[in-house]
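Asks: Structure incoming, see below.
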Number of protein chains: 4
Amino acid sequence: MTKPRGGSSRERAGAGGSGRRTIIGVIGPGDQASAQELEWAHRVGALVAAEGWVTLTGGWNVGVMDAASRGARDAGGLTLGLLPSSDRAGASPGLDLVVPTGLGEARNNLVVLASDALVCCGMSAGTASEAALALRAGKPLVLLSPTPETMAFLRPLGRVPPIDVPDPAAALAALRRAVASR
Amino acid sequence: MTKPRGGSSRERAGAGGSGRRTIIGVIGPGDQASAQELEWAHRVGALVAAEGWVTLTGGWNVGVMDAASRGARDAGGLTLGLLPSSDRAGASPGLDLVVPTGLGEARNNLVVLASDALVCCGMSAGTASEAALALRAGKPLVLLSPTPETMAFLRPLGRVPPIDVPDPAAALAALRRAVASR
Amino acid sequence: MTKPRGGSSRERAGAGGSGRRTIIGVIGPGDQASAQELEWAHRVGALVAAEGWVTLTGGWNVGVMDAASRGARDAGGLTLGLLPSSDRAGASPGLDLVVPTGLGEARNNLVVLASDALVCCGMSAGTASEAALALRAGKPLVLLSPTPETMAFLRPLGRVPPIDVPDPAAALAALRRAVASR
Amino acid sequence: MTKPRGGSSRERAGAGGSGRRTIIGVIGPGDQASAQELEWAHRVGALVAAEGWVTLTGGWNVGVMDAASRGARDAGGLTLGLLPSSDRAGASPGLDLVVPTGLGEARNNLVVLASDALVCCGMSAGTASEAALALRAGKPLVLLSPTPETMAFLRPLGRVPPIDVPDPAAALAALRRAVASR
């Protein structure tokens, strides 16, 4: 028999007695991500893992998705990826659990629905659709050093306003508050 | 036997010999749409219908979706709605064809993929996700009198820039150019 | 202005004053369809069109999907295809309205949900998933000359039993009863 | 920092150096599951967990889905549920990771695509759609004590034939062969 996994982590991570794990979506550009955004994503993944939370991404082995998965994995966290494709080719090697959805960009809504809260590291068209869907669904959305244009556009869209933070440590603090209040 | 429908309309509308109809997606707020946005959507639907094109919406009987469907239907056009729900309850009475997708907000990506071009009348979180997905997919996106914040946010996201127009007539001119160049 | 399309057809086809069109899904094998199944599908499409109903398929230009679309189109009917792919490549030339869903085989559930009733011409793995989902959703399911194995498997699965018919004319009679009782 | 989870389990479970976990889908009836089917599902979940594999279900807290999740969880395994709904209400308490897909029955295709192999405990309309989609996708499909009608229907549908086993231990042996050959 396999030993039960990380009891103490389970206790910190679970949602009460049921053991359901808190899931944090990390979203951002793929190919076009900047070095700064990749560094943020890697750090956010590590901090989410240290908290005992699961890191969820769009699954590809590029950009913010890949950096967050690797950061979380390297810190001992559990990682889940929801790929748009119908098989696992191109999945980030930082993922424990790979779900090929076969849905194309429609999978963006699943990234949102599966997350207790989301952190956004940089912007792209796909990322923008996820940020908008997060606001639509009332999910806490934390943006790492967003442009003024991004905040000016997103702020009026949701009942719950998006949260602007300067760095990964502040993102984690915002996530803690968001998770605690759910 | 039913008589073949509108031969001359078919010839104007079809994509060559195959007869495939050009589809224009009309997107915008639901419950929160302003009187101005509803008027625009109704007029856009009528102009799209007069062109022999199909009007596609997210299907509900509220807001821009409903106004565009009614405008197109009243002008003799064909209307298609892609509902997020799994049955037809709440569909706009202006629709000829109702497709309950059962996908929730993931249906937004289908509105984009099914459209040859899209017209945006006003903004909301759901609309923003569709606009972003349209830019992601490289679909022509025409925005009716958008705010400066909307254009500042969306402009950098796509390879093909979004098109800012002041009124429905200018939207139609932009759609004609977009459809002709596809 | 485009002339309103087929008033008399509209009156026969619509669901009351709203004008919503009745949609019949035609499902069956793609590449592997037999000559008999293709002939059935073509004839079913023609009969559905003559009734003023819309013919809905999975959209490809092969097999039962293609034959049903062409049969309906040639008889003057309106045709709608829900493709699994994210663009229109490979769509049947018999389609008026092409919706690339980008959902892969998950689009099978949309074929079911969008149909008032379904006709099955032959069997394949994809077709089986649609037949099962139709029973799951309580949609009338008419099977053209199914094997005893097919009926033995499907019969216990639904609250509404699948309907076994010998030929396209009997399929139409079954569809009329199904549509009338909805 | 959280301690890395179960190193030895990771080594047994992973797909080479990348650490990707093998995922086994367990499918079967919900409300209508028999006592025998529930017992099978619970045992299959436990055996899958003992192998170091992840147990994947359709997520609800009823029937085979719930029994498999609980069986796997109680044996120390990791459990993932893909719900058709858009929030977590009604999720099995045996789940570690809950993904509300918001896709309705279209989520059945995701259960298939995310699985390295599937085990079927009993039959229903929803289960039949998953079994058919598994054959469509070429996924190994193991059926626990299926009826002759089920095997007669499913056998011709796939390139890879479905595998008929008498009990959970034989199911595990079949899964081991299927996973090893991928």
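We label chains A, B, ... in the order they appear in the structure tokens, count residues from 1 in each chain, and number ligands from 1 in the order shown.
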Can I get the residues of chain C within 12 Å of chain D, each with the closest pair of atoms and their distance in Å to one decimal, using only C-alpha atoms, sorted chain first then ascending number, as a Markdown table?

Replies:
| residue | atom | partner | partner_atom | distance |
| --- | --- | --- | --- | --- |
| C:Pro29 | CA | D:Leu157 | CA | 10.6 |
| C:Gln32 | CA | D:Leu157 | CA | 11.1 |
| C:Leu103 | CA | D:Ala106 | CA | 9.0 |
| C:Gly104 | CA | D:Asn109 | CA | 8.6 |
| C:Glu105 | CA | D:Asn109 | CA | 6.6 |
| C:Ala106 | CA | D:Ala106 | CA | 4.8 |
| C:Arg107 | CA | D:Ala106 | CA | 7.1 |
| C:Asn108 | CA | D:Ala106 | CA | 7.5 |
| C:Asn109 | CA | D:Ala106 | CA | 5.5 |
| C:Leu110 | CA | D:Ala106 | CA | 7.8 |
| C:Val111 | CA | D:Ala106 | CA | 10.7 |
| C:Val112 | CA | D:Glu105 | CA | 10.4 |
| C:Leu113 | CA | D:Glu105 | CA | 10.0 |
| C:Gly122 | CA | D:Leu157 | CA | 11.5 |
| C:Met123 | CA | D:Leu157 | CA | 8.0 |
| C:Ser124 | CA | D:Leu157 | CA | 5.6 |
| C:Ala125 | CA | D:Leu157 | CA | 5.0 |
| C:Gly126 | CA | D:Arg136 | CA | 6.2 |
| C:Thr127 | CA | D:Ala132 | CA | 8.4 |
| C:Ala128 | CA | D:Ala132 | CA | 5.9 |
| C:Ser129 | CA | D:Ser129 | CA | 4.1 |
| C:Glu130 | CA | D:Ser129 | CA | 7.0 |
| C:Ala131 | CA | D:Ser129 | CA | 7.9 |
| C:Ala132 | CA | D:Ala125 | CA | 5.1 |
| C:Leu133 | CA | D:Ser129 | CA | 6.1 |
| C:Ala134 | CA | D:Ala125 | CA | 8.5 |
| C:Leu135 | CA | D:Ala125 | CA | 6.3 |
| C:Arg136 | CA | D:Ala125 | CA | 5.2 |
| C:Ala137 | CA | D:Ala125 | CA | 9.0 |
| C:Gly138 | CA | D:Ala125 | CA | 10.2 |
| C:Pro146 | CA | D:Phe153 | CA | 11.2 |
| C:Thr147 | CA | D:Phe153 | CA | 9.1 |
| C:Pro148 | CA | D:Phe153 | CA | 9.2 |
| C:Glu149 | CA | D:Phe153 | CA | 5.5 |
| C:Thr150 | CA | D:Phe153 | CA | 5.8 |
| C:Met151 | CA | D:Phe153 | CA | 8.9 |
| C:Ala152 | CA | D:Glu149 | CA | 6.1 |
| C:Phe153 | CA | D:Glu149 | CA | 5.5 |
| C:Leu154 | CA | D:Ala125 | CA | 8.1 |
| C:Arg155 | CA | D:Ala125 | CA | 10.0 |
| C:Pro156 | CA | D:Ser124 | CA | 8.3 |
| C:Leu157 | CA | D:Ala125 | CA | 5.0 |
| C:Gly158 | CA | D:Ala125 | CA | 6.6 |
| C:Arg159 | CA | D:Ala125 | CA | 9.8 |
| C:Val160 | CA | D:Ala125 | CA | 11.5 |
| C:Pro161 | CA | D:Ala125 | CA | 11.6 |
| C:Pro162 | CA | D:Ala125 | CA | 12.0 |

Asks: Which polymer residues have any atom within 8 Å of an atom of C:Leu56, counting only C-alpha atoms, with same-chain residues fewer than 4 positions away left out, as a ChimeraX atom specification?

Replies: /C:23-26,69,79-82,111,115

Asks: Give me a file of those residues, with C-alpha atoms, as a PDB file, in the first residue's frame.

Replies:
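again_21.pdb, written as the output of this step:
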ATOM      1  CA  ILE C  23     -34.274  21.192 -35.714  1.00  0.00           C
ATOM      2  CA  ILE C  24     -33.702  17.513 -36.542  1.00  0.00           C
ATOM      3  CA  GLY C  25     -30.275  16.034 -35.884  1.00  0.00           C
ATOM      4  CA  VAL C  26     -29.100  13.377 -38.322  1.00  0.00           C
ATOM      5  CA  SER C  69     -26.779  17.954 -45.478  1.00  0.00           C
ATOM      6  CA  THR C  79     -28.841  23.069 -42.965  1.00  0.00           C
ATOM      7  CA  LEU C  80     -26.708  23.634 -39.872  1.00  0.00           C
ATOM      8  CA  GLY C  81     -23.441  21.883 -39.010  1.00  0.00           C
ATOM      9  CA  LEU C  82     -21.625  21.794 -35.674  1.00  0.00           C
ATOM     10  CA  VAL C 111     -25.755  18.120 -31.571  1.00  0.00           C
ATOM     11  CA  SER C 115     -32.110  18.848 -31.776  1.00  0.00           C
TER      12      SER C 115
END

Asks: Could you please determine the separation between atom CA of D:Asn61 and atom CA of A:Ala114 in Å, to one decimal place?

Replies: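 That distance, rounded to one decimal, is 17.3 Å.
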
Asks: Quick one: residues within 6 Å of A:Gly63, only C-alpha atoms counted, chain neighbours fewer than 5 positions away excluded, as an mmCIF file with N, CA and C atoms, in the first residue's frame?

Replies:
data_model
loop_
_atom_site.group_PDB
_atom_site.id
_atom_site.type_symbol
_atom_site.label_atom_id
_atom_site.label_comp_id
_atom_site.auth_asym_id
_atom_site.auth_seq_id
_atom_site.Cartn_x
_atom_site.Cartn_y
_atom_site.Cartn_z
ATOM 1 N N PRO A 29 0.755 35.400 -20.286
ATOM 2 C CA PRO A 29 1.134 35.112 -21.669
ATOM 3 C C PRO A 29 1.908 33.803 -21.814
ATOM 4 N N GLY A 30 1.818 33.228 -23.004
ATOM 5 C CA GLY A 30 2.606 32.053 -23.346
ATOM 6 C C GLY A 30 3.937 32.474 -23.951
ATOM 7 N N ASP A 31 4.060 32.299 -25.237
ATOM 8 C CA ASP A 31 5.306 32.620 -25.951
ATOM 9 C C ASP A 31 5.819 34.026 -25.689
ATOM 10 N N ALA A 33 5.642 35.963 -23.063
ATOM 11 C CA ALA A 33 5.902 36.402 -21.685
ATOM 12 C C ALA A 33 7.295 37.020 -21.568
#

Asks: For the structure I just gave you, how does DSSP split stretch 17-144 of chain A - specifically, which residues are strand (DSSP E or B)? Reply as a list in words.

Replies: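 The residues of stretch 17-144 of chain A classed as strand (DSSP E or B) are Arg21, Ile23, Ile24, Gly25, Val26, Ile27, Val54, Thr55, Leu56, Thr57, Trp60, Thr79, Leu80, Gly81, Leu82, Leu83, Ala91, Leu97, Val98, Val99, Pro100, Ala117, Leu118, Val119, Cys120, Leu141, Val142, Leu143 and Leu144 of chain A.
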
Asks: What would the file look like if the residues just selected were written as a PDB file, in the first residue's frame with C-alpha atoms?

Replies:
ATOM      1  CA  ARG A  21      -7.622  21.181  -1.886  1.00  0.00           C
ATOM      2  CA  ILE A  23      -6.733  25.635  -6.160  1.00  0.00           C
ATOM      3  CA  ILE A  24      -5.027  28.816  -7.391  1.00  0.00           C
ATOM      4  CA  GLY A  25      -5.045  29.559 -11.107  1.00  0.00           C
ATOM      5  CA  VAL A  26      -1.969  31.291 -12.480  1.00  0.00           C
ATOM      6  CA  ILE A  27      -2.590  32.972 -15.827  1.00  0.00           C
ATOM      7  CA  VAL A  54      -2.629  23.435  -5.774  1.00  0.00           C
ATOM      8  CA  THR A  55      -1.287  25.454  -8.724  1.00  0.00           C
ATOM      9  CA  LEU A  56      -3.521  25.361 -11.801  1.00  0.00           C
ATOM     10  CA  THR A  57      -2.492  26.584 -15.255  1.00  0.00           C
ATOM     11  CA  TRP A  60       1.458  24.391 -21.953  1.00  0.00           C
ATOM     12  CA  THR A  79       0.282  21.052 -10.096  1.00  0.00           C
ATOM     13  CA  LEU A  80      -2.675  20.667 -12.448  1.00  0.00           C
ATOM     14  CA  GLY A  81      -2.853  21.746 -16.089  1.00  0.00           C
ATOM     15  CA  LEU A  82      -5.922  22.095 -18.297  1.00  0.00           C
ATOM     16  CA  LEU A  83      -4.689  21.888 -21.880  1.00  0.00           C
ATOM     17  CA  ALA A  91       2.289  19.800 -21.614  1.00  0.00           C
ATOM     18  CA  LEU A  97      -1.856  16.126 -13.411  1.00  0.00           C
ATOM     19  CA  VAL A  98      -2.459  16.793 -17.084  1.00  0.00           C
ATOM     20  CA  VAL A  99      -6.043  17.122 -18.315  1.00  0.00           C
ATOM     21  CA  PRO A 100      -6.258  17.481 -22.094  1.00  0.00           C
ATOM     22  CA  ALA A 117      -8.715  32.609  -6.871  1.00  0.00           C
ATOM     23  CA  LEU A 118      -6.485  33.625  -9.786  1.00  0.00           C
ATOM     24  CA  VAL A 119      -3.192  35.440 -10.161  1.00  0.00           C
ATOM     25  CA  CYS A 120      -2.426  37.212 -13.412  1.00  0.00           C
ATOM     26  CA  LEU A 141      -8.507  38.124  -9.402  1.00  0.00           C
ATOM     27  CA  VAL A 142      -5.063  39.333  -8.327  1.00  0.00           C
ATOM     28  CA  LEU A 143      -2.968  41.165 -10.950  1.00  0.00           C
ATOM     29  CA  LEU A 144       0.763  41.475 -10.615  1.00  0.00           C
TER      30      LEU A 144
END

Asks: Taking the DSSP assignment computed from this structure's backbone, write out as a VMD selection string all residues of stretch 33-168 of chain C that belong to alpha helix (DSSP H).

Replies: chain C and resid 35 to 50 63 to 74 108 to 114 125 to 137 148 to 154 168

Asks: Find the spatial neighbours of stretch 41-48 of chain D, counting only C-alpha atoms, within a cut-off of 8 Å - ignore same-chain residues fewer than 4 positions away - and output them as a ChimeraX atom specification.

Replies: /D:24,26,37,52-55,64-65,67-75,77,121,168-169,171-172

Asks: Quick one, how far is atom CA of A:Ala178 from atom CA of A:Ile163?

Replies: 10.1 Å

Asks: So how far away is atom CA of D:Val62 from atom CA of D:Leu38, in Å?

Replies: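 Computing the Euclidean distance for atom CA of D:Leu38 and atom CA of D:Val62 yields 9.6 Å.
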
Asks: Closest to D:Asp167 among D:Ser181, D:Ser145, D:Ser92, D:Thr101, using only C-alpha atoms?

Replies: D:Ser145
